[in-house]
Amino acid sequence: MADIVLTTLNAKYIHAAFGLRYLLANLGPLKPSACLLEFDINQRPTDIVEILLARNPKIIGFGIYIWNGAPATEVVATIKRLRPDITIILGGPEVSYEAETQPIVQLADYVITGEADLKFAELCRQVLSGEKPAAKIIPAELPNFDQLALPYDLYNEQDVANRIIYVEASRGCPFSCEFCLSSLDIPVRQVPLPRLLDALQSLLERGVKHFKFVDRTFNLNLTISKAILEFFLERYQPGHFFHFEMVPDRLPDQLREVIAKFPPGALQFEVGIQTFNEEVGQLIKRRQNYARLEENLRFLRNQTGVHIHADLIAGLPGESLESFAAGFDRLVALSPQEIQVGILKRLRGTPIVRHEADWQMVYNLHPPYEILQNRLLDFATLQNLRRFARYWDLVGNSGNFVETTPLLWQGQPSPFWSFMRWTDWLYTRTGRTESIALVRLMELLFEFLTQESNLYPQEVAPTLWRDYQRGGRHDKPAFLKTFLLPEAPVATQPRKPLALPKRQARHLV
């Protein structure tokens with residue numbers, strides 16, 4: 001039994017609810033009477049309700065995000081039909097803006113907008129004492145990290161063994177990119193470094209190997225980011241993996257020296273480029289030095305073992321298909337291991353809405369609120385870009401086709417238009433973007449490359465076979481056997497780095 005239950009529906013089991021752990025850690029005297037129950041969006045809402053009600057709570061706090069709004073609404077509606085006496089408190093980015101019209105908000109008793117680490121505890125004390133606030137929407141003041149208890153001891157042994165461990169060194173973002181919720185999150189606040197390093201040391205001692213920092217701009221404060229990197233470098237063991245989101249044009253020598261000392265595959269940097277069109281960047285208030293950005297990516301790719309995950313956004317106001325294609329080709333030339341092609345989303349509260357009239361921006365009304373069409377990209381073109389993004393993830397990003405992917409544009413001037421040709425052909429053949437088995441995808445690639453692109457089967461087959469073996473596989477697909485002649489180069493089983501995420505590990509060999 002628990003007076004207070006904190007819950008959410010994660011996108012997948014492997015993700016742990018970082019925000020709810022902060023709420024639980026900061027409940028103060030109420031903490032012994034509270035518990036955390038996590039679910040995922042693949043579970044049946046009625047089953048979730050059963051588990052929640054079995055705790056007989058007085059208060060249930062829900063974390064609401066873009067991926068769980070619909071199923072969470074069903075869960076809340078069912079609870080209110082069965083137990084209207086339970087106080088429902090919502091929080092999270094999806095209900096922090098434009099809240100009043102949302103069905104889940106209308107069902108709930110209270111909504112805390114913003115960072116609720118301290119405000120949730122305050123509201124729970126009021127509800128449990130019978131002094132319920134009159135206002136339904138309750139804004140939370142930005143907490144200072146000196147006020148907060150850190151939540152890292154709330155990762156249990158199952159979390160350590162099976163889930164992504166999220167950590168943060170800071171909150172906030174100094175930039176004002178109009179598509180991003182972080183543009184509303186000012187100022188940047190740092191976790192006191194000694195407290196953070198003590199928490200990281202404790203997690204390492206408990207066996208955590210993979211750390212994902214959720215900071216929007218990890219390398220903004222160079223002194224702190226350098227100290228954290230040096231901390232991990234001194235304690236590095238095979239299998240350690242550290243993910244950071246980096247400002248791509250901010251990589252001075254003092255960081256480069258530390259980064260270059262890490263072994264291959266230990267670091268992953270997510271770099272948000274979003275657009276190479278400077279006019280579009282100015283339109284959406286995204287500031288970046290493109291020359292410095294490119295030089296930094298070349299350094300990371302050529303002189304370090306960093307795994308680079310670079311982001312581009314399709315559908316931004318002012319970005320034509322030709323402009324996006326040029327930016328994609330420019331990024332491919334810099335050779336990041338992964339290019340995430342995202343479709344613009346109209347997140348609640350973001351200033352991107354100011355462009356709706358001028359650029360005829362039409363968005364899906366349902367999560368994830370992706371752009372459907374605009375003045376420069378019609379619906380059919382954006383549908384093609386969605387398929388492009390999905391197929392790029394299956395082929396270009398997966399690590400299953402490291403050597404094969406460049407064959408798609410071999411001898412052609414544009415990787416983008418060559419891959420779009422493959423996208424159109426593949427969709428015509430399969431009619432789907434999901435559930436394509438790996439061997440079937442290989443066979444389709446072989447057919448396209450040899451019949452549509454006129455490459456020699458004796459060149460394509462060994463390349464596909466080496467890529468297939470990259471994942472530790474030994475069963476030779478039947479369609480390749482004819483073309484794998486004895487004199488053709490056949491790779492031996494690759495050395496696999498210990499305990500790294502599979503996608504990153506396959507890019508190393």
# chains A, B, ... in the order shown; residues from 1 in each chain; ligands from 1
>>> select_by_dssp(residues="segment 61-200 of chain A", states="helix (DSSP H, G or I)", output="PyMOL selection string")
chain A and resi 69-82+93-95+103-107+119-128+145-147+152-154+157-162+181-184+193-200
>>> residues_around(residues="Gln360 of chain A", least_positions_apart="5", cutoff="8 Å", atoms="only C-alpha atoms", output="list of chain:residue names")
A:His355, A:Gln373, A:Asn374, A:Arg375
>>> atom_distance(atom1="atom CA of Leu408 of chain A", atom2="atom CA of Asp378 of chain A")
26.1 Å
>>> closest_residue(among="A:Leu449, A:Gln383, A:Glu403, A:Glu278", to="Tyr427 of chain A", atoms="only C-alpha atoms")
A:Gln383
>>> residues_around(residues="segment 283-296 of chain A", least_positions_apart="3", cutoff="10 Å", atoms="only C-alpha atoms", output="PyMOL selection string")
chain A and resi 175-179+183+247-252+256+271+273-280+299-302+316-318+330-331+333-334+351-352+354-355
>>> residues_around(residues="Lys136 of chain A", least_positions_apart="3", cutoff="8 Å", atoms="only C-alpha atoms", output="NGL selection string")
:A and (109-111 or 133)
>>> residues_around(residues="Ile112 of chain A", least_positions_apart="5", cutoff="8 Å", atoms="only C-alpha atoms", output="list in words")
Ile89, Leu90, Gly91, Gly92, Ser96, Lys119, Phe120, Ile137, Ile138, Pro139 and Ala140 of chain A
>>> residues_around(residues="Leu23 of chain A", least_positions_apart="5", cutoff="10 Å", atoms="only C-alpha atoms", output="ChimeraX atom specification")
/A:6,18,28,31,36,61,115-121,148-151
>>> closest_residue(among="A:Val402, A:Val306, A:Leu123, A:Val167", to="Ala135 of chain A", atoms="only C-alpha atoms")
A:Leu123
>>> select_by_dssp(residues="segment 33-249 of chain A", states="strand (DSSP E)", output="PyMOL selection string")
chain A and resi 34-40+59-63+87-91+110-113+137-139+165-167+170-171+189-190+210-213+241-246
>>> write_last_selection(atoms="C-alpha atoms", output="PDB file, in the first residue's frame")
ATOM      1  CA  ALA A  34       5.259   6.650  -1.765  1.00  0.00           C
ATOM      2  CA  CYS A  35       6.282   4.225  -4.484  1.00  0.00           C
ATOM      3  CA  LEU A  36       7.260   4.241  -8.147  1.00  0.00           C
ATOM      4  CA  LEU A  37       5.490   1.999 -10.683  1.00  0.00           C
ATOM      5  CA  GLU A  38       6.656   2.076 -14.309  1.00  0.00           C
ATOM      6  CA  PHE A  39       4.867   0.673 -17.343  1.00  0.00           C
ATOM      7  CA  ASP A  40       5.344   0.914 -21.083  1.00  0.00           C
ATOM      8  CA  ILE A  59      -2.676  10.325  -4.945  1.00  0.00           C
ATOM      9  CA  ILE A  60      -1.363   9.153  -8.320  1.00  0.00           C
ATOM     10  CA  GLY A  61       1.179  11.321 -10.105  1.00  0.00           C
ATOM     11  CA  PHE A  62       1.487  10.723 -13.866  1.00  0.00           C
ATOM     12  CA  GLY A  63       4.407  11.727 -16.092  1.00  0.00           C
ATOM     13  CA  THR A  87      -6.397  12.616  -6.685  1.00  0.00           C
ATOM     14  CA  ILE A  88      -4.726  12.593 -10.093  1.00  0.00           C
ATOM     15  CA  ILE A  89      -1.757  14.944 -10.555  1.00  0.00           C
ATOM     16  CA  LEU A  90      -0.190  15.334 -13.989  1.00  0.00           C
ATOM     17  CA  GLY A  91       3.205  16.687 -14.966  1.00  0.00           C
ATOM     18  CA  TYR A 110      -4.197  19.027 -10.895  1.00  0.00           C
ATOM     19  CA  VAL A 111      -1.468  19.756 -13.424  1.00  0.00           C
ATOM     20  CA  ILE A 112       1.985  20.968 -12.427  1.00  0.00           C
ATOM     21  CA  THR A 113       3.688  22.760 -15.290  1.00  0.00           C
ATOM     22  CA  ILE A 137      -3.004  24.419 -13.266  1.00  0.00           C
ATOM     23  CA  ILE A 138      -0.073  25.029 -10.909  1.00  0.00           C
ATOM     24  CA  PRO A 139       3.157  26.505 -12.312  1.00  0.00           C
ATOM     25  CA  ILE A 165      20.749   4.900 -16.781  1.00  0.00           C
ATOM     26  CA  TYR A 166      20.003   8.585 -17.284  1.00  0.00           C
ATOM     27  CA  VAL A 167      22.054  11.268 -15.572  1.00  0.00           C
ATOM     28  CA  SER A 170      22.835  20.610 -16.023  1.00  0.00           C
ATOM     29  CA  ARG A 171      19.378  21.752 -17.020  1.00  0.00           C
ATOM     30  CA  ARG A 189      21.713  25.518 -14.104  1.00  0.00           C
ATOM     31  CA  GLN A 190      24.547  23.182 -13.125  1.00  0.00           C
ATOM     32  CA  HIS A 210      26.287   2.771 -19.880  1.00  0.00           C
ATOM     33  CA  PHE A 211      25.535   6.393 -18.935  1.00  0.00           C
ATOM     34  CA  LYS A 212      23.254   8.649 -20.950  1.00  0.00           C
ATOM     35  CA  PHE A 213      23.514  12.339 -20.088  1.00  0.00           C
ATOM     36  CA  PHE A 241      29.819   3.703 -22.844  1.00  0.00           C
ATOM     37  CA  PHE A 242      29.002   7.384 -22.321  1.00  0.00           C
ATOM     38  CA  HIS A 243      26.452   9.384 -24.330  1.00  0.00           C
ATOM     39  CA  PHE A 244      26.477  13.197 -24.428  1.00  0.00           C
ATOM     40  CA  GLU A 245      24.539  15.780 -26.421  1.00  0.00           C
ATOM     41  CA  MET A 246      27.108  18.305 -27.623  1.00  0.00           C
TER      42      MET A 246
END
>>> atom_distance(atom1="atom CA of Tyr152 of chain A", atom2="atom CA of Ile14 of chain A")
16.5 Å
>>> atom_distance(atom1="atom CA of Leu385 of chain A", atom2="atom CA of Phe324 of chain A")
10.2 Å
>>> closest_residue(among="A:Asn397, A:Arg390, A:Leu154, A:Phe232", to="Tyr22 of chain A", atoms="only C-alpha atoms")
A:Leu154
>>> closest_residue(among="A:Asn454, A:Gln303, A:Thr482, A:Thr428", to="Val258 of chain A", atoms="only C-alpha atoms")
A:Gln303
>>> closest_residue(among="A:Arg81, A:Glu122, A:Ile343, A:Val332", to="Asn26 of chain A", atoms="only C-alpha atoms")
A:Glu122
>>> closest_residue(among="A:Glu230, A:Glu157, A:Glu141, A:Asp146", to="Val191 of chain A", atoms="only C-alpha atoms")
A:Asp146
>>> residues_around(residues="Pro263 of chain A", least_positions_apart="3", cutoff="8 Å", atoms="only C-alpha atoms", output="list in words")
Ala260, Ala266 and Gly305 of chain A
>>> write_last_selection(atoms="C-alpha atoms", output="CSV table (one decimal), in the first residue's frame")
chain,number,residue,atom,x,y,z
A,260,ALA,CA,41.1,11.8,-28.0
A,266,ALA,CA,33.5,4.5,-25.5
A,305,GLY,CA,37.1,7.0,-31.5
